[in-house]
Amino acid sequence: MSGTLPVINLESGGSAAKPIRKVGLCVPGLAWPIITALVIRLTLLGALLFQGGSSALTKNDAASYMEPGRNLLLHGSFTADGVPDLLRTPGYALFLAITSLPGIPAAAAANVILSACSVMLVWKLALALFHDDRIAISAAWIFVFEPLSVIHSVFPLSETLFTALILVTVERVIEFLRGRRLRVLFAAGLCLAAATFVRPIAYYLPVTLAFGLFLVLARERGLRWKAPAVLLISVLPFLAGWQIRNWSETGYGGFASISDVNLYSYVAADVPARVEHRNLFAVRRDLGMEVGAIHSGSGQSYLSQAYLARHPEQVGWPQSRRLAFMHSEAVQVIRAHSEVYLGSIFRTLPGILFSSGAGFVDHPLIPEDSVRDARFIHGDLLSLGPARWWAEFVKEYPEDYPWAMAERVAFTAILLGLSAFAIRGVFRSGKGNTGLWLLLGTCLYLIAVSAAGAAPIADSRFRQPVMPAVCILAAAGIQRKKTLGR
């Protein structure tokens, strides 16, 4: 099943051998966390379906993926609203279109299976990082019960697929650093390209990782240029191909318009809302952005009647010109009030890092008119102060649903505990673990880009891709120090 084999590093041009542990998938003890993950997630899925039916699973942005995905699958064209879709990319849209052919519950079940498979990916990444079976199995078990990963797995959301692809990408890069085999790095690049087509937030990650590889391999003359080049070559042509598609069909040169839409409808709305002490949603309506539009249709809000009523001069404009206008307006607002924008980012970070995510389960079970949207309250921890923040936290749900409050407190306590052990695991792992710094850098990138591009709406969903890393590092923090660094 496993062993230590000397491998001659021919691809790097050197003869130094590094011990590489061959890892099989039939590992004693790994089946139980995978089975347990399936049982927990399927039970939650069944409860949601019993309580609210299929509609309980679609109170999110699934609709904005469904239409272009179905058109691509059935007609060979990635279109929505009768025009080429620029908001989404085809990765998750195609996955959702295929898995939802029998119905939305089937798509949710596919997500559950993928989340259970991610238990194995967490185990494999932990093993590659620490070379310790106990840490790897512990990380897998922690991921089984980690609330955010459980919650998101039962909804048709892109996070589960994106997280799995990021796990494979990081594990392959760490495997390359250990064995210096360029074909392994090429495979990492292909996974990263796929992840970017699922969620465009990873668009700049190839360049970030390539720079990190250059720094790590700075003393290896042959690989310090070759490794970053191989990674970029395995990713960038695919991204460029999609941008060429966008340009040729619409004149839009970006990878996905979701970045421009978020900048205009949220970031550029939040800044004047704070400056003028107005309600965020009122400012959004002034900009022509329908509240909840992304949840009710394709999400291309710049095509909606509300937007055109606010901007009648754009009726004859193509998509590319409307998006250029939105981007330009947002940039002007940010430049004029850069300090407010930076403050909004820092206010958003607590929501990303510490919001429990319990609301995703609560909203299908509690009438919408009884629930306050507290995403922005949690993000205001720094400005409200602990006392007022806790008061708002307690008032978030009505008294008719006391279990919702208990659930949220429990999830928050679990998150804080995992974070404390994860910090302990980082300090125990040593400065010389390049794989650890690669993992932390990837997590920092995902959090930073989320806060910068989606303030003030970035919440626990944006933290999902880093939760496997938290589970792995928490497992390292729980184990005794002497077991690390084998």
# chains A, B, ... in the order shown; residues from 1 in each chain; ligands from 1
>>> residues_around(residues="segment 218-230 of chain A", least_positions_apart="4", cutoff="8 Å", atoms="only C-alpha atoms", output="JSON, numbers by chain")
{"A": [12, 13, 182, 185, 186, 209, 210, 211, 213, 214, 234]}
>>> residues_around(residues="Val340 of chain A", least_positions_apart="2", cutoff="9 Å", atoms="only C-alpha atoms", output="PyMOL selection string")
chain A and resi 271-272+274-275+334+337-338+342-345
>>> closest_atom_pairs(of="segment 136-252 of chain A", to="segment 439-446 of chain A", cutoff="8 Å", atoms="only C-alpha atoms", output="CSV")
residue,atom,partner,partner_atom,distance
A:Val170,CA,A:Leu439,CA,6.8
A:Ile201,CA,A:Leu446,CA,7.2
A:Ala202,CA,A:Leu446,CA,7.5
A:Leu205,CA,A:Tyr445,CA,7.4
A:Leu209,CA,A:Thr442,CA,7.9
>>> atom_distance(atom1="atom CA of Leu287 of chain A", atom2="atom CA of Tyr307 of chain A")
7.2 Å
>>> residues_around(residues="Lys124 of chain A", least_positions_apart="6", cutoff="12 Å", atoms="only C-alpha atoms", output="VMD selection string")
chain A and resid 21 to 27 30 117 to 118 130 to 140 164 167 to 172 174 to 175 468 to 469 472
>>> atom_distance(atom1="atom CA of Ser115 of chain A", atom2="atom CA of Ser153 of chain A")
5.9 Å
>>> residues_around(residues="Phe162 of chain A", least_positions_apart="4", cutoff="7 Å", atoms="only C-alpha atoms", output="list of chain:residue names")
A:Ser158, A:Ile166, A:Ala195, A:Val198, A:Arg199
>>> residues_around(residues="Leu74 of chain A", least_positions_apart="5", cutoff="12 Å", atoms="only C-alpha atoms", output="PDB file with N, CA and C atoms, in the first residue's frame")
ATOM      1  N   MET A  66     -27.971  27.529 -14.327  1.00  0.00           N
ATOM      2  CA  MET A  66     -28.785  26.513 -14.974  1.00  0.00           C
ATOM      3  C   MET A  66     -29.050  26.817 -16.443  1.00  0.00           C
ATOM      4  N   GLU A  67     -29.501  28.035 -16.738  1.00  0.00           N
ATOM      5  CA  GLU A  67     -29.883  28.343 -18.115  1.00  0.00           C
ATOM      6  C   GLU A  67     -28.717  28.242 -19.091  1.00  0.00           C
ATOM      7  N   PRO A  68     -27.572  28.904 -18.845  1.00  0.00           N
ATOM      8  CA  PRO A  68     -26.467  28.758 -19.804  1.00  0.00           C
ATOM      9  C   PRO A  68     -25.920  27.332 -19.851  1.00  0.00           C
ATOM     10  N   GLY A  69     -25.925  26.635 -18.707  1.00  0.00           N
ATOM     11  CA  GLY A  69     -25.445  25.260 -18.692  1.00  0.00           C
ATOM     12  C   GLY A  69     -26.309  24.346 -19.528  1.00  0.00           C
ATOM     13  N   THR A  79     -25.436  30.386 -23.688  1.00  0.00           N
ATOM     14  CA  THR A  79     -26.264  31.586 -23.806  1.00  0.00           C
ATOM     15  C   THR A  79     -27.286  31.643 -22.685  1.00  0.00           C
ATOM     16  N   LEU A  94     -22.014  23.599 -16.554  1.00  0.00           N
ATOM     17  CA  LEU A  94     -22.148  22.317 -17.231  1.00  0.00           C
ATOM     18  C   LEU A  94     -22.339  21.183 -16.231  1.00  0.00           C
ATOM     19  N   ALA A  97     -25.880  21.402 -15.080  1.00  0.00           N
ATOM     20  CA  ALA A  97     -26.807  21.007 -16.140  1.00  0.00           C
ATOM     21  C   ALA A  97     -26.885  19.493 -16.281  1.00  0.00           C
ATOM     22  N   ILE A  98     -25.748  18.827 -16.190  1.00  0.00           N
ATOM     23  CA  ILE A  98     -25.720  17.365 -16.339  1.00  0.00           C
ATOM     24  C   ILE A  98     -26.352  16.685 -15.128  1.00  0.00           C
ATOM     25  N   LEU A 101     -30.340  16.922 -14.647  1.00  0.00           N
ATOM     26  CA  LEU A 101     -31.274  16.415 -15.653  1.00  0.00           C
ATOM     27  C   LEU A 101     -32.409  15.607 -15.023  1.00  0.00           C
TER      28      LEU A 101
END
>>> residues_around(residues="Glu146 of chain A", least_positions_apart="2", cutoff="12 Å", atoms="only C-alpha atoms", output="JSON, numbers by chain")
{"A": [37, 40, 41, 115, 119, 139, 140, 141, 142, 143, 144, 148, 149, 150, 151, 152, 153, 356, 357, 358, 410, 411, 412, 413, 414, 415, 416, 417, 418, 419, 464, 466, 467, 468, 469, 470, 471, 472, 474]}
>>> closest_residue(among="A:Gln300, A:Asn262, A:Gln305, A:Ser54", to="Leu87 of chain A", atoms="only C-alpha atoms")
A:Gln300
>>> closest_residue(among="A:Val112, A:Leu125, A:Met405, A:Ala455", to="Ser259 of chain A", atoms="only C-alpha atoms")
A:Ala455
